[in-house]
Amino acid sequence: MVRSRSMTFLKKILTIDKRLSVDLLFLWSSQFLCAIIAFVTQLILVRLISVSDYGVLSFSLTAISVISTIAGFGIGAFLLRVFGMEGWDAFRWIKPLNRIWMISVLVSIGIVFFFIYIEQNRKIDNLLLLFLSIIILQGISNISFAVNQLEERFITFSIYKLLNQGYKFIIVLILYFIGADLYKVG
């Protein structure tokens, strides 16, 4: 009995339609490429800047990452949940969620400026200003990820995830090849 259930389950997995298998392949490969790009980015950064500067950079990126969660405000997950429960009736949430998103992005940016105001480290201040775009992009990407999942556009979802990580990688590559100091650019 158990063997027949497991065989039936295995047959179902093996007979996945072509579209679903292509979507799964794109999702897996984009996640794998994101991990590789993140690793290579860290290797380049370690060779590009000093240990103390790397610490400042890591602190700045961590601070921006924590603050950018406020910008997303869980809107993407909420959209997935509400559209899953209500279907097309959930469009009534779009306008209020846009207002909430704008307010949360402005609050996040305000937190960064407050931190810059109380912080006395010029390098951290410059990097936080440089990374302000990450806050906005993080808020937009969370909503974009949810919309692409709802519309079952998993290939587009995969490409956006890859571009999100590729954005940081390209900046680091440009800095590496022109030999610029990270803080002069900031």
# chains A, B, ... in the order shown; residues from 1 in each chain; ligands from 1
call {"tool": "residues_around", "arguments": {"residues": "range 63-73 of chain A", "least_positions_apart": "6", "cutoff": "7 Å", "atoms": "only C-alpha atoms", "output": "list of chain:residue names"}}
result
A:Trp101, A:Ser104, A:Val105, A:Ser108, A:Ile135, A:Gln138, A:Gly139, A:Asn142
call {"tool": "write_last_selection", "arguments": {"atoms": "C-alpha atoms", "output": "PDB file, in the first residue's frame"}}
result
ATOM      1  CA  TRP A 101       4.464  51.504   0.535  1.00  0.00           C
ATOM      2  CA  SER A 104       7.198  53.097   4.547  1.00  0.00           C
ATOM      3  CA  VAL A 105       9.833  54.043   1.947  1.00  0.00           C
ATOM      4  CA  SER A 108      13.019  54.225   5.818  1.00  0.00           C
ATOM      5  CA  ILE A 135      15.921  50.810  -0.048  1.00  0.00           C
ATOM      6  CA  GLN A 138      14.029  46.497  -2.205  1.00  0.00           C
ATOM      7  CA  GLY A 139      10.541  47.868  -1.695  1.00  0.00           C
ATOM      8  CA  ASN A 142       9.208  42.726  -3.004  1.00  0.00           C
TER       9      ASN A 142
END
call {"tool": "residues_around", "arguments": {"residues": "range 26-36 of chain A", "least_positions_apart": "2", "cutoff": "8 Å", "atoms": "only C-alpha atoms", "output": "PyMOL selection string"}}
result
chain A and resi 22-24+38-40+154-155+157-159+161-162+165-166
call {"tool": "closest_residue", "arguments": {"among": "A:Ser58, A:Val82, A:Gly74, A:Pro96", "to": "Leu150 in chain A", "atoms": "only C-alpha atoms"}}
result
A:Val82
call {"tool": "residues_around", "arguments": {"residues": "Ile116 in chain A", "least_positions_apart": "3", "cutoff": "12 Å", "atoms": "only C-alpha atoms", "output": "list in words"}}
result
Ser60, Ala63, Ile64, Ile109, Gly110, Ile111, Val112, Phe113, Glu119, Gln120, Asn121, Arg122, Lys123, Ile124, Asp125, Asn126, Leu127, Leu128, Leu129, Leu130 and Leu132 of chain A
call {"tool": "write_last_selection", "arguments": {"atoms": "N, CA, C and O atoms", "output": "JSON list (two decimals), in the first residue's frame"}}
result
[["chain", "number", "residue", "atom", "x", "y", "z"],
["A", 60, "SER", "N", 27.51, 49.20, 6.67],
["A", 60, "SER", "CA", 26.58, 50.03, 5.90],
["A", 60, "SER", "C", 25.55, 49.18, 5.16],
["A", 60, "SER", "O", 24.36, 49.50, 5.15],
["A", 63, "ALA", "N", 23.11, 47.73, 7.70],
["A", 63, "ALA", "CA", 22.16, 48.76, 8.16],
["A", 63, "ALA", "C", 21.11, 49.03, 7.10],
["A", 63, "ALA", "O", 19.90, 49.11, 7.41],
["A", 64, "ILE", "N", 21.53, 49.15, 5.85],
["A", 64, "ILE", "CA", 20.58, 49.40, 4.77],
["A", 64, "ILE", "C", 19.64, 48.20, 4.59],
["A", 64, "ILE", "O", 18.44, 48.37, 4.35],
["A", 109, "ILE", "N", 13.83, 56.05, 4.47],
["A", 109, "ILE", "CA", 14.81, 57.06, 4.06],
["A", 109, "ILE", "C", 15.04, 58.06, 5.20],
["A", 109, "ILE", "O", 16.17, 58.48, 5.46],
["A", 110, "GLY", "N", 13.97, 58.42, 5.91],
["A", 110, "GLY", "CA", 14.11, 59.29, 7.07],
["A", 110, "GLY", "C", 14.99, 58.69, 8.15],
["A", 110, "GLY", "O", 15.79, 59.38, 8.78],
["A", 111, "ILE", "N", 14.87, 57.38, 8.37],
["A", 111, "ILE", "CA", 15.71, 56.70, 9.35],
["A", 111, "ILE", "C", 17.18, 56.77, 8.93],
["A", 111, "ILE", "O", 18.05, 57.00, 9.76],
["A", 112, "VAL", "N", 17.44, 56.60, 7.64],
["A", 112, "VAL", "CA", 18.82, 56.69, 7.15],
["A", 112, "VAL", "C", 19.37, 58.10, 7.39],
["A", 112, "VAL", "O", 20.49, 58.26, 7.88],
["A", 113, "PHE", "N", 18.59, 59.12, 7.06],
["A", 113, "PHE", "CA", 19.06, 60.49, 7.27],
["A", 113, "PHE", "C", 19.24, 60.80, 8.76],
["A", 113, "PHE", "O", 20.17, 61.52, 9.13],
["A", 119, "GLU", "N", 25.39, 60.01, 13.34],
["A", 119, "GLU", "CA", 26.66, 59.28, 13.13],
["A", 119, "GLU", "C", 27.77, 60.28, 12.80],
["A", 119, "GLU", "O", 27.56, 61.23, 12.07],
["A", 120, "GLN", "N", 28.95, 60.02, 13.30],
["A", 120, "GLN", "CA", 30.07, 60.93, 13.07],
["A", 120, "GLN", "C", 31.12, 60.33, 12.13],
["A", 120, "GLN", "O", 32.17, 60.93, 11.94],
["A", 121, "ASN", "N", 30.88, 59.18, 11.56],
["A", 121, "ASN", "CA", 31.83, 58.55, 10.66],
["A", 121, "ASN", "C", 31.49, 58.94, 9.22],
["A", 121, "ASN", "O", 30.46, 58.54, 8.68],
["A", 122, "ARG", "N", 32.36, 59.71, 8.60],
["A", 122, "ARG", "CA", 32.11, 60.23, 7.25],
["A", 122, "ARG", "C", 32.00, 59.11, 6.21],
["A", 122, "ARG", "O", 31.22, 59.20, 5.29],
["A", 123, "LYS", "N", 32.81, 58.06, 6.37],
["A", 123, "LYS", "CA", 32.76, 56.95, 5.41],
["A", 123, "LYS", "C", 31.41, 56.26, 5.45],
["A", 123, "LYS", "O", 30.82, 55.95, 4.41],
["A", 124, "ILE", "N", 30.90, 56.00, 6.65],
["A", 124, "ILE", "CA", 29.59, 55.36, 6.78],
["A", 124, "ILE", "C", 28.50, 56.26, 6.21],
["A", 124, "ILE", "O", 27.61, 55.79, 5.49],
["A", 125, "ASP", "N", 28.59, 57.55, 6.48],
["A", 125, "ASP", "CA", 27.60, 58.49, 5.97],
["A", 125, "ASP", "C", 27.55, 58.47, 4.44],
["A", 125, "ASP", "O", 26.47, 58.42, 3.85],
["A", 126, "ASN", "N", 28.72, 58.52, 3.81],
["A", 126, "ASN", "CA", 28.77, 58.50, 2.36],
["A", 126, "ASN", "C", 28.19, 57.21, 1.78],
["A", 126, "ASN", "O", 27.48, 57.22, 0.78],
["A", 127, "LEU", "N", 28.53, 56.08, 2.41],
["A", 127, "LEU", "CA", 28.01, 54.80, 1.91],
["A", 127, "LEU", "C", 26.51, 54.68, 2.10],
["A", 127, "LEU", "O", 25.80, 54.16, 1.23],
["A", 128, "LEU", "N", 26.01, 55.16, 3.23],
["A", 128, "LEU", "CA", 24.56, 55.11, 3.44],
["A", 128, "LEU", "C", 23.82, 55.94, 2.39],
["A", 128, "LEU", "O", 22.78, 55.52, 1.88],
["A", 129, "LEU", "N", 24.38, 57.08, 2.05],
["A", 129, "LEU", "CA", 23.77, 57.89, 0.98],
["A", 129, "LEU", "C", 23.85, 57.17, -0.37],
["A", 129, "LEU", "O", 22.91, 57.21, -1.15],
["A", 130, "LEU", "N", 24.99, 56.53, -0.61],
["A", 130, "LEU", "CA", 25.16, 55.79, -1.87],
["A", 130, "LEU", "C", 24.16, 54.64, -1.98],
["A", 130, "LEU", "O", 23.64, 54.37, -3.05],
["A", 132, "LEU", "N", 21.15, 54.40, -0.67],
["A", 132, "LEU", "CA", 19.73, 54.75, -0.53],
["A", 132, "LEU", "C", 18.88, 54.10, -1.62],
["A", 132, "LEU", "O", 17.74, 53.73, -1.37]]
call {"tool": "closest_residue", "arguments": {"among": "A:Phe177, A:Phe169, A:Asn164, A:Arg81", "to": "Leu43 in chain A", "atoms": "only C-alpha atoms"}}
result
A:Phe169
call {"tool": "closest_residue", "arguments": {"among": "A:Leu173, A:Ile44, A:Ala90, A:Leu79", "to": "Ser144 in chain A", "atoms": "only C-alpha atoms"}}
result
A:Leu79
call {"tool": "residues_around", "arguments": {"residues": "Leu80 in chain A", "least_positions_apart": "2", "cutoff": "9 Å", "atoms": "only C-alpha atoms", "output": "number ranges by chain"}}
result
A: 75-78, 82-85, 146-147, 149-150
call {"tool": "write_last_selection", "arguments": {"atoms": "N, CA, C and O atoms", "output": "PDB file, in the first residue's frame"}}
result
ATOM      1  N   ILE A  75       4.556  43.888   2.243  1.00  0.00           N
ATOM      2  CA  ILE A  75       3.479  44.088   1.275  1.00  0.00           C
ATOM      3  C   ILE A  75       3.422  42.943   0.264  1.00  0.00           C
ATOM      4  O   ILE A  75       2.335  42.486  -0.098  1.00  0.00           O
ATOM      5  N   GLY A  76       4.587  42.461  -0.176  1.00  0.00           N
ATOM      6  CA  GLY A  76       4.606  41.361  -1.137  1.00  0.00           C
ATOM      7  C   GLY A  76       3.949  40.108  -0.588  1.00  0.00           C
ATOM      8  O   GLY A  76       3.110  39.482  -1.251  1.00  0.00           O
ATOM      9  N   ALA A  77       4.298  39.739   0.634  1.00  0.00           N
ATOM     10  CA  ALA A  77       3.693  38.556   1.260  1.00  0.00           C
ATOM     11  C   ALA A  77       2.200  38.767   1.480  1.00  0.00           C
ATOM     12  O   ALA A  77       1.400  37.837   1.309  1.00  0.00           O
ATOM     13  N   PHE A  78       1.821  39.981   1.851  1.00  0.00           N
ATOM     14  CA  PHE A  78       0.399  40.274   2.043  1.00  0.00           C
ATOM     15  C   PHE A  78      -0.363  40.128   0.732  1.00  0.00           C
ATOM     16  O   PHE A  78      -1.470  39.579   0.703  1.00  0.00           O
ATOM     17  N   VAL A  82      -3.541  37.703   0.289  1.00  0.00           N
ATOM     18  CA  VAL A  82      -4.870  38.237   0.049  1.00  0.00           C
ATOM     19  C   VAL A  82      -5.396  37.814  -1.332  1.00  0.00           C
ATOM     20  O   VAL A  82      -6.583  37.509  -1.481  1.00  0.00           O
ATOM     21  N   PHE A  83      -4.526  37.767  -2.340  1.00  0.00           N
ATOM     22  CA  PHE A  83      -4.982  37.309  -3.653  1.00  0.00           C
ATOM     23  C   PHE A  83      -5.271  35.817  -3.637  1.00  0.00           C
ATOM     24  O   PHE A  83      -6.141  35.339  -4.366  1.00  0.00           O
ATOM     25  N   GLY A  84      -4.545  35.076  -2.817  1.00  0.00           N
ATOM     26  CA  GLY A  84      -4.835  33.651  -2.677  1.00  0.00           C
ATOM     27  C   GLY A  84      -6.174  33.404  -2.022  1.00  0.00           C
ATOM     28  O   GLY A  84      -6.872  32.446  -2.355  1.00  0.00           O
ATOM     29  N   MET A  85      -6.561  34.268  -1.097  1.00  0.00           N
ATOM     30  CA  MET A  85      -7.832  34.094  -0.389  1.00  0.00           C
ATOM     31  C   MET A  85      -9.008  34.705  -1.138  1.00  0.00           C
ATOM     32  O   MET A  85     -10.080  34.111  -1.212  1.00  0.00           O
ATOM     33  N   ALA A 146       6.017  39.443  -5.747  1.00  0.00           N
ATOM     34  CA  ALA A 146       4.669  38.943  -5.450  1.00  0.00           C
ATOM     35  C   ALA A 146       3.785  38.959  -6.695  1.00  0.00           C
ATOM     36  O   ALA A 146       3.073  37.989  -6.975  1.00  0.00           O
ATOM     37  N   VAL A 147       3.835  40.052  -7.461  1.00  0.00           N
ATOM     38  CA  VAL A 147       3.010  40.152  -8.665  1.00  0.00           C
ATOM     39  C   VAL A 147       3.398  39.066  -9.670  1.00  0.00           C
ATOM     40  O   VAL A 147       2.525  38.414 -10.267  1.00  0.00           O
ATOM     41  N   GLN A 149       4.744  36.184  -9.058  1.00  0.00           N
ATOM     42  CA  GLN A 149       4.300  34.885  -8.563  1.00  0.00           C
ATOM     43  C   GLN A 149       2.795  34.724  -8.752  1.00  0.00           C
ATOM     44  O   GLN A 149       2.331  33.653  -9.137  1.00  0.00           O
ATOM     45  N   LEU A 150       2.033  35.784  -8.492  1.00  0.00           N
ATOM     46  CA  LEU A 150       0.584  35.710  -8.662  1.00  0.00           C
ATOM     47  C   LEU A 150       0.198  35.469 -10.118  1.00  0.00           C
ATOM     48  O   LEU A 150      -0.755  34.743 -10.402  1.00  0.00           O
TER      49      LEU A 150
END
call {"tool": "closest_residue", "arguments": {"among": "A:Phe131, A:Ile140, A:Ser21, A:Ile174", "to": "Phe59 in chain A", "atoms": "only C-alpha atoms"}}
result
A:Phe131
call {"tool": "select_by_dssp", "arguments": {"residues": "range 61-95 of chain A", "states": "alpha helix (DSSP H)", "output": "PyMOL selection string"}}
result
chain A and resi 61-72+75-86+94-95
call {"tool": "decode", "arguments": {"residues": "range 34-57 of chain A", "atoms": "N, CA and C atoms", "output": "mmCIF file, in the first residue's frame"}}
result
data_model
loop_
_atom_site.group_PDB
_atom_site.id
_atom_site.type_symbol
_atom_site.label_atom_id
_atom_site.label_comp_id
_atom_site.auth_asym_id
_atom_site.auth_seq_id
_atom_site.Cartn_x
_atom_site.Cartn_y
_atom_site.Cartn_z
ATOM 1 N N CYS A 34 22.644 33.552 -8.351
ATOM 2 C CA CYS A 34 22.680 34.607 -7.326
ATOM 3 C C CYS A 34 23.696 34.280 -6.245
ATOM 4 N N ALA A 35 23.734 33.031 -5.830
ATOM 5 C CA ALA A 35 24.697 32.628 -4.798
ATOM 6 C C ALA A 35 26.125 32.762 -5.311
ATOM 7 N N ILE A 36 26.358 32.362 -6.550
ATOM 8 C CA ILE A 36 27.703 32.471 -7.136
ATOM 9 C C ILE A 36 28.103 33.942 -7.273
ATOM 10 N N ILE A 37 27.183 34.770 -7.765
ATOM 11 C CA ILE A 37 27.479 36.193 -7.943
ATOM 12 C C ILE A 37 27.767 36.853 -6.592
ATOM 13 N N ALA A 38 26.993 36.509 -5.566
ATOM 14 C CA ALA A 38 27.232 37.077 -4.231
ATOM 15 C C ALA A 38 28.605 36.670 -3.715
ATOM 16 N N PHE A 39 28.984 35.431 -3.932
ATOM 17 C CA PHE A 39 30.287 34.949 -3.490
ATOM 18 C C PHE A 39 31.423 35.669 -4.224
ATOM 19 N N VAL A 40 31.308 35.783 -5.536
ATOM 20 C CA VAL A 40 32.351 36.454 -6.329
ATOM 21 C C VAL A 40 32.422 37.938 -5.968
ATOM 22 N N THR A 41 31.276 38.543 -5.720
ATOM 23 C CA THR A 41 31.252 39.946 -5.309
ATOM 24 C C THR A 41 32.039 40.144 -4.014
ATOM 25 N N GLN A 42 31.827 39.250 -3.063
ATOM 26 C CA GLN A 42 32.562 39.346 -1.798
ATOM 27 C C GLN A 42 34.061 39.137 -2.014
ATOM 28 N N LEU A 43 34.438 38.212 -2.882
ATOM 29 C CA LEU A 43 35.863 37.997 -3.174
ATOM 30 C C LEU A 43 36.513 39.246 -3.775
ATOM 31 N N ILE A 44 35.814 39.874 -4.704
ATOM 32 C CA ILE A 44 36.354 41.078 -5.332
ATOM 33 C C ILE A 44 36.469 42.203 -4.298
ATOM 34 N N LEU A 45 35.445 42.344 -3.460
ATOM 35 C CA LEU A 45 35.490 43.391 -2.437
ATOM 36 C C LEU A 45 36.638 43.192 -1.463
ATOM 37 N N VAL A 46 36.889 41.958 -1.089
ATOM 38 C CA VAL A 46 37.985 41.679 -0.158
ATOM 39 C C VAL A 46 39.322 42.086 -0.768
ATOM 40 N N ARG A 47 39.486 41.889 -2.058
ATOM 41 C CA ARG A 47 40.738 42.263 -2.718
ATOM 42 C C ARG A 47 40.799 43.756 -3.035
ATOM 43 N N LEU A 48 39.646 44.398 -3.138
ATOM 44 C CA LEU A 48 39.589 45.790 -3.554
ATOM 45 C C LEU A 48 39.831 46.775 -2.405
ATOM 46 N N ILE A 49 39.341 46.460 -1.216
ATOM 47 C CA ILE A 49 39.418 47.423 -0.119
ATOM 48 C C ILE A 49 40.099 46.799 1.103
ATOM 49 N N SER A 50 40.504 47.671 2.007
ATOM 50 C CA SER A 50 41.199 47.212 3.219
ATOM 51 C C SER A 50 40.207 46.557 4.185
ATOM 52 N N VAL A 51 40.754 45.930 5.209
ATOM 53 C CA VAL A 51 39.921 45.223 6.184
ATOM 54 C C VAL A 51 38.996 46.198 6.914
ATOM 55 N N SER A 52 39.539 47.331 7.345
ATOM 56 C CA SER A 52 38.694 48.296 8.069
ATOM 57 C C SER A 52 37.621 48.874 7.148
ATOM 58 N N ASP A 53 37.973 49.144 5.884
ATOM 59 C CA ASP A 53 36.984 49.650 4.936
ATOM 60 C C ASP A 53 35.920 48.591 4.632
ATOM 61 N N TYR A 54 36.340 47.327 4.588
ATOM 62 C CA TYR A 54 35.379 46.241 4.368
ATOM 63 C C TYR A 54 34.401 46.169 5.542
ATOM 64 N N GLY A 55 34.889 46.398 6.745
ATOM 65 C CA GLY A 55 34.009 46.429 7.912
ATOM 66 C C GLY A 55 32.998 47.559 7.829
ATOM 67 N N VAL A 56 33.454 48.726 7.395
ATOM 68 C CA VAL A 56 32.552 49.867 7.222
ATOM 69 C C VAL A 56 31.513 49.552 6.150
ATOM 70 N N LEU A 57 31.966 48.950 5.055
ATOM 71 C CA LEU A 57 31.049 48.581 3.974
ATOM 72 C C LEU A 57 30.035 47.543 4.448
#
